[in-house]
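Presented below is the structure to which this report refers.
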Amino acid sequence: FGDGSGGGRSRSERPQRRLPHVLIIGVRKCGTRALLEMLNLHPRIVKASGEVHFFDRDDNYRRGLEFYRAKMPESYERQITIEKSPSYFVTSEASERIRAMNASIKLLLIVREPVVRAISDYTQLRSHTPTRVPSNASSPSHDQSFEELAVRADGTINESYRPIALSIYHNFMSIWLETFSRSQILIVSGDTLITRPATELAKIESFLNIEPRLGPRNFYFNKTKGFYCIKNASADKCLKDTKGRKHPDVNPDVISKLRRFFSSHNQKFYELVGEDFGWPE
Ligand code: A3P
C-alpha cells in the first residue's frame with residue numbers, strides 16, 4: 001500500500017468507490033466492530049459502515065462485484081478500503097470467493113479467549129431471544145442458562161452448540177490457510193485490543209504498510225463503559241451499548257471444564273498459525 005505519509009489526495013483527484021483491499025473476516029464477538037472503528041481513525045483507512053455479507057450470502061454474492069463495490073465508501077487512490085463481516089470466517093465458501101476477487105488481499109482475523117467468546121456469543125443470542133419462546137422451537141432457547149446449553153446432562157461439552165463450535169478456531173482456520181498464505185493474514189488479539197488498543201493497532205499499521213498514526217492519544221478509558229473509547233480530530237465516541245454487554249456469572253466449575261476442553265483445540269490453533277495466545281487452561 002505504499003509508504004508515503006498522510007491520507008491526502010492530489011488536488012485534481014476525485015473520490016471513487018473501490019473494492020476492499022483489506023477484510024476483517026471474524027471472529028464474531030472478538031471485537032470486530034471495535035477493530036474496524038479504531039482502524040477508521042487512520043487517515044489512510046476508509047470503512048464500509050455496515051456488514052456487507054457479500055461472500056457469505058449466496059443471494060448477495062450472485063449479484064456480482066459491482067453490487068459489492070456500490071456498498072463501499074468513496075475513497076482516494078492512496079486510501080485503503082476495509083470491510084468487516086464476521087461470518088466470513090465460518091462460511092466454507094467465503095475464502096475461495098475472496099481469493100477469486102483479489103488473491104493478494106490482506107485479511108485481519110481477530111480472536112479472543114474462546115470461553116469468554118462463547119459466553120459473549122451466548123449473551124448476544126439471549127439478548128435477541130423473546131422472553132416467551134414457542135414450545136415447538138427447534139433451536140436452543142437462550143432462556144436457558146449458558147451452563148445448560150454448553151454442558152450436556154451427561155457432563156460432556158456440547159460441541160454442536162454454536163457458541164462453543166465457533167470458538168474452536170482451528171476447525172475454520174485450516175480452510176483459510178489452504179486458500180491464502182499465512183503472511184496475508186494478521187491475527188489480532190481481541191484480548192489485547194480491549195486492554196491495550198494502541199499496541200495492537202501499531203501491529204496492524206505495520207502489517208498494512210501504512211505510517212504509524214494511531215497512538216495512546218486516540219484512546220481513553222471510560223470507567224462507566226468499562227472499555228476504551230476513541231477520538232481523533234473529527235471523532236470522539238464509545239461503541240454502542242450492544243458492545244461491552246454485562247455477561248452472566250457462569251459457574252466456575254463449568255468455566256474450568258470448558259478451559260480444559262479448549263486446551264487441546266487452542267494448541268492446534270497455535271500450531272496452525274505459529275503463534276501462542278497464552279489462553280488459560
Ligand atoms: P462483549 O459485549 O461480550 O463484552 P464484536 O464487535 O465482534 O461483536 O465484538 C464485541 C466485543 O468487542 C465485546 O464483547 C467487547 O468485549 C469487545 N470490545 C473490544 N474493545 C471494545 C471497546 N473499545 N468497546 C466496546 N467493546 C469492545
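Ligands are numbered from 1 in the order shown, chains are lettered A, B, ... in the order of the C-alpha cells, and residues start at 1 in each chain.
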Would you kindly return, as JSON, numbers by chain, each protein, DNA or RNA residue with an atom no farther than 12 Å from any atom of Gly274 in chain A, considering only C-alpha atoms and excluding same-chain residues fewer than 5 positions away? {"A": [170, 177, 182, 183, 185, 186, 187, 266, 267, 268, 269]}
Surrounding residues as a PDB file with N, CA and C atoms, in the first residue's frame, ligand 1, max 8 Å, only C-alpha atoms and all ligand atoms:
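Produced file out-v2.pdb, reproduced below:
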ATOM      1  N   GLY A  26     -13.530 -11.988  10.825  1.00  0.00           N
ATOM      2  CA  GLY A  26     -14.108 -12.546  12.062  1.00  0.00           C
ATOM      3  C   GLY A  26     -13.074 -12.440  13.142  1.00  0.00           C
ATOM      4  N   VAL A  27     -13.280 -13.081  14.264  1.00  0.00           N
ATOM      5  CA  VAL A  27     -14.358 -13.966  14.631  1.00  0.00           C
ATOM      6  C   VAL A  27     -15.425 -13.157  15.375  1.00  0.00           C
ATOM      7  N   ARG A  28     -16.685 -13.511  15.195  1.00  0.00           N
ATOM      8  CA  ARG A  28     -17.728 -12.731  15.842  1.00  0.00           C
ATOM      9  C   ARG A  28     -17.526 -12.729  17.361  1.00  0.00           C
ATOM     10  N   LYS A  29     -17.856 -11.613  17.973  1.00  0.00           N
ATOM     11  CA  LYS A  29     -17.742 -11.368  19.416  1.00  0.00           C
ATOM     12  C   LYS A  29     -16.296 -11.258  19.915  1.00  0.00           C
ATOM     13  N   CYS A  30     -15.369 -11.090  19.003  1.00  0.00           N
ATOM     14  CA  CYS A  30     -13.967 -10.952  19.436  1.00  0.00           C
ATOM     15  C   CYS A  30     -13.499  -9.506  19.389  1.00  0.00           C
ATOM     16  N   GLY A  31     -14.387  -8.591  18.984  1.00  0.00           N
ATOM     17  CA  GLY A  31     -14.005  -7.179  18.923  1.00  0.00           C
ATOM     18  C   GLY A  31     -13.906  -6.679  17.486  1.00  0.00           C
ATOM     19  N   THR A  32     -14.689  -7.291  16.586  1.00  0.00           N
ATOM     20  CA  THR A  32     -14.602  -6.909  15.165  1.00  0.00           C
ATOM     21  C   THR A  32     -15.037  -5.456  14.945  1.00  0.00           C
ATOM     22  N   ARG A  33     -16.085  -5.027  15.653  1.00  0.00           N
ATOM     23  CA  ARG A  33     -16.554  -3.645  15.473  1.00  0.00           C
ATOM     24  C   ARG A  33     -15.532  -2.660  16.036  1.00  0.00           C
ATOM     25  N   ALA A  34     -15.015  -2.957  17.230  1.00  0.00           N
ATOM     26  CA  ALA A  34     -14.022  -2.065  17.847  1.00  0.00           C
ATOM     27  C   ALA A  34     -12.812  -1.939  16.920  1.00  0.00           C
ATOM     28  N   LEU A  35     -12.383  -3.057  16.366  1.00  0.00           N
ATOM     29  CA  LEU A  35     -11.225  -3.041  15.473  1.00  0.00           C
ATOM     30  C   LEU A  35     -11.482  -2.157  14.250  1.00  0.00           C
ATOM     31  N   PRO A  86     -18.146 -10.637  10.096  1.00  0.00           N
ATOM     32  CA  PRO A  86     -17.535 -11.702  10.908  1.00  0.00           C
ATOM     33  C   PRO A  86     -17.933 -13.116  10.476  1.00  0.00           C
ATOM     34  N   VAL A 116     -14.503 -17.029  26.952  1.00  0.00           N
ATOM     35  CA  VAL A 116     -15.139 -15.700  27.075  1.00  0.00           C
ATOM     36  C   VAL A 116     -15.899 -15.383  25.787  1.00  0.00           C
ATOM     37  N   ARG A 117     -15.318 -15.755  24.640  1.00  0.00           N
ATOM     38  CA  ARG A 117     -16.016 -15.518  23.370  1.00  0.00           C
ATOM     39  C   ARG A 117     -17.347 -16.259  23.332  1.00  0.00           C
ATOM     40  N   ILE A 119     -19.197 -17.170  25.856  1.00  0.00           N
ATOM     41  CA  ILE A 119     -20.148 -16.531  26.787  1.00  0.00           C
ATOM     42  C   ILE A 119     -20.679 -15.222  26.180  1.00  0.00           C
ATOM     43  N   SER A 120     -19.795 -14.498  25.501  1.00  0.00           N
ATOM     44  CA  SER A 120     -20.213 -13.269  24.833  1.00  0.00           C
ATOM     45  C   SER A 120     -21.248 -13.572  23.740  1.00  0.00           C
ATOM     46  N   ASP A 121     -21.021 -14.651  23.016  1.00  0.00           N
ATOM     47  CA  ASP A 121     -21.928 -15.075  21.947  1.00  0.00           C
ATOM     48  C   ASP A 121     -23.290 -15.438  22.548  1.00  0.00           C
ATOM     49  N   THR A 123     -24.495 -14.391  25.353  1.00  0.00           N
ATOM     50  CA  THR A 123     -25.103 -13.161  25.885  1.00  0.00           C
ATOM     51  C   THR A 123     -25.808 -12.393  24.762  1.00  0.00           C
ATOM     52  N   GLN A 124     -25.177 -12.366  23.593  1.00  0.00           N
ATOM     53  CA  GLN A 124     -25.802 -11.677  22.455  1.00  0.00           C
ATOM     54  C   GLN A 124     -27.047 -12.428  21.985  1.00  0.00           C
ATOM     55  N   GLY A 190      -7.854 -10.063  20.328  1.00  0.00           N
ATOM     56  CA  GLY A 190      -9.007  -9.318  20.848  1.00  0.00           C
ATOM     57  C   GLY A 190      -8.862  -9.044  22.335  1.00  0.00           C
ATOM     58  N   ASP A 191      -8.110  -9.908  23.027  1.00  0.00           N
ATOM     59  CA  ASP A 191      -7.879  -9.705  24.458  1.00  0.00           C
ATOM     60  C   ASP A 191      -7.032  -8.437  24.655  1.00  0.00           C
ATOM     61  N   LEU A 193      -6.659  -6.038  22.404  1.00  0.00           N
ATOM     62  CA  LEU A 193      -7.364  -4.859  21.874  1.00  0.00           C
ATOM     63  C   LEU A 193      -8.226  -4.211  22.962  1.00  0.00           C
ATOM     64  N   ILE A 194      -8.729  -5.023  23.890  1.00  0.00           N
ATOM     65  CA  ILE A 194      -9.537  -4.476  24.986  1.00  0.00           C
ATOM     66  C   ILE A 194      -8.655  -3.715  25.986  1.00  0.00           C
ATOM     67  N   THR A 195      -7.501  -4.282  26.329  1.00  0.00           N
ATOM     68  CA  THR A 195      -6.695  -3.690  27.416  1.00  0.00           C
ATOM     69  C   THR A 195      -5.667  -2.673  26.927  1.00  0.00           C
ATOM     70  N   PRO A 197      -5.309  -1.080  23.339  1.00  0.00           N
ATOM     71  CA  PRO A 197      -5.637  -0.974  21.914  1.00  0.00           C
ATOM     72  C   PRO A 197      -4.485  -0.435  21.050  1.00  0.00           C
ATOM     73  N   LYS A 225     -18.333   2.728  30.990  1.00  0.00           N
ATOM     74  CA  LYS A 225     -18.485   1.697  29.961  1.00  0.00           C
ATOM     75  C   LYS A 225     -17.595   0.496  30.270  1.00  0.00           C
ATOM     76  N   GLY A 226     -16.463   0.764  30.883  1.00  0.00           N
ATOM     77  CA  GLY A 226     -15.537  -0.333  31.187  1.00  0.00           C
ATOM     78  C   GLY A 226     -14.649  -0.688  30.010  1.00  0.00           C
ATOM     79  N   PHE A 227     -14.631   0.167  28.984  1.00  0.00           N
ATOM     80  CA  PHE A 227     -13.827  -0.078  27.782  1.00  0.00           C
ATOM     81  C   PHE A 227     -13.204   1.235  27.319  1.00  0.00           C
ATOM     82  N   TYR A 228     -12.249   1.096  26.423  1.00  0.00           N
ATOM     83  CA  TYR A 228     -11.685   2.297  25.808  1.00  0.00           C
ATOM     84  C   TYR A 228     -12.674   2.878  24.802  1.00  0.00           C
ATOM     85  N   CYS A 229     -12.694   4.198  24.748  1.00  0.00           N
ATOM     86  CA  CYS A 229     -13.446   4.917  23.730  1.00  0.00           C
ATOM     87  C   CYS A 229     -12.410   5.588  22.836  1.00  0.00           C
ATOM     88  N   ILE A 230     -12.857   6.106  21.695  1.00  0.00           N
ATOM     89  CA  ILE A 230     -11.882   6.539  20.697  1.00  0.00           C
ATOM     90  C   ILE A 230     -12.055   8.013  20.321  1.00  0.00           C
ATOM     91  N   CYS A 238     -17.716   6.334  22.037  1.00  0.00           N
ATOM     92  CA  CYS A 238     -17.631   4.989  22.598  1.00  0.00           C
ATOM     93  C   CYS A 238     -18.478   4.098  21.688  1.00  0.00           C
ATOM     94  N   LEU A 239     -18.235   2.803  21.722  1.00  0.00           N
ATOM     95  CA  LEU A 239     -19.100   1.901  20.964  1.00  0.00           C
ATOM     96  C   LEU A 239     -20.469   1.843  21.652  1.00  0.00           C
ATOM     97  N   LYS A 240     -21.455   1.360  20.891  1.00  0.00           N
ATOM     98  CA  LYS A 240     -22.831   1.303  21.418  1.00  0.00           C
ATOM     99  C   LYS A 240     -22.946   0.339  22.596  1.00  0.00           C
ATOM    100  N   ASP A 241     -24.095   0.395  23.282  1.00  0.00           N
ATOM    101  CA  ASP A 241     -24.300  -0.463  24.459  1.00  0.00           C
ATOM    102  C   ASP A 241     -24.295  -1.959  24.116  1.00  0.00           C
ATOM    103  N   THR A 242     -24.527  -2.292  22.856  1.00  0.00           N
ATOM    104  CA  THR A 242     -24.515  -3.717  22.461  1.00  0.00           C
ATOM    105  C   THR A 242     -23.079  -4.249  22.399  1.00  0.00           C
ATOM    106  N   LYS A 243     -22.094  -3.357  22.536  1.00  0.00           N
ATOM    107  CA  LYS A 243     -20.685  -3.787  22.565  1.00  0.00           C
ATOM    108  C   LYS A 243     -20.166  -3.509  23.972  1.00  0.00           C
ATOM    109  N   GLY A 244     -19.837  -4.575  24.670  1.00  0.00           N
ATOM    110  CA  GLY A 244     -19.434  -4.429  26.069  1.00  0.00           C
ATOM    111  C   GLY A 244     -20.603  -4.731  26.987  1.00  0.00           C
ATOM    112  N   ARG A 245     -21.361  -5.784  26.635  1.00  0.00           N
ATOM    113  CA  ARG A 245     -22.508  -6.175  27.475  1.00  0.00           C
ATOM    114  C   ARG A 245     -22.015  -6.820  28.760  1.00  0.00           C
ATOM    115  N   LYS A 246     -22.862  -6.757  29.773  1.00  0.00           N
ATOM    116  CA  LYS A 246     -22.554  -7.475  31.005  1.00  0.00           C
ATOM    117  C   LYS A 246     -22.807  -8.956  30.757  1.00  0.00           C
ATOM    118  N   HIS A 247     -21.847  -9.786  31.104  1.00  0.00           N
ATOM    119  CA  HIS A 247     -22.017 -11.238  30.925  1.00  0.00           C
ATOM    120  C   HIS A 247     -22.653 -11.830  32.175  1.00  0.00           C
TER     121      HIS A 247
END
Taking the backbone alone, and naming residues the way the document does, which bits of range 16-260 of chain A are strand (DSSP E) by DSSP, as a PyMOL selection string? chain A and resi 16-17+22-26+45-47+74-75+80-84+106-111+185-189+219-222+227-231+236-237
May I have all residues of range 172-245 of chain A that DSSP, computed from the backbone, assigns to helix (DSSP H, G or I), given as an NGL selection string? :A and (172-179 or 182-184 or 190-195 or 197-207 or 216-218)
Leaving out range 203-213 of chain A and any residue of its chain fewer than 3 positions from it, which residues lie within 12 Å of it when counting only C-alpha atoms, given as number ranges by chain? A: 1-7, 21-24, 35-36, 38-45, 78-82, 105-110, 183-189, 192-193, 196-200, 216-218, 232
Selected residue of minimal separation from Arg18 in chain A among A:Glu83, A:Asp253, A:Glu275, A:Glu51, counting only C-alpha atoms: A:Glu83
I'd like the interatomic distance between CA of Arg69 in chain A and CA of Trp176 in chain A, to a tenth of an Å. 23.1 Å
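When CA of Val46 in chain A is paired with CA of Glu13 in chain A, their separation reads 16.3 Å.
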Exercise: Ser174 in chain A partners within 12 Å, only C-alpha atoms, chain neighbours under 2 positions left out, as a PyMOL selection string: chain A and resi 89-90+92+95+168-172+176-182+268-273
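From CA of Ser49 in chain A back to CA of Glu37 in chain A, the distance works out to 9.1 Å.
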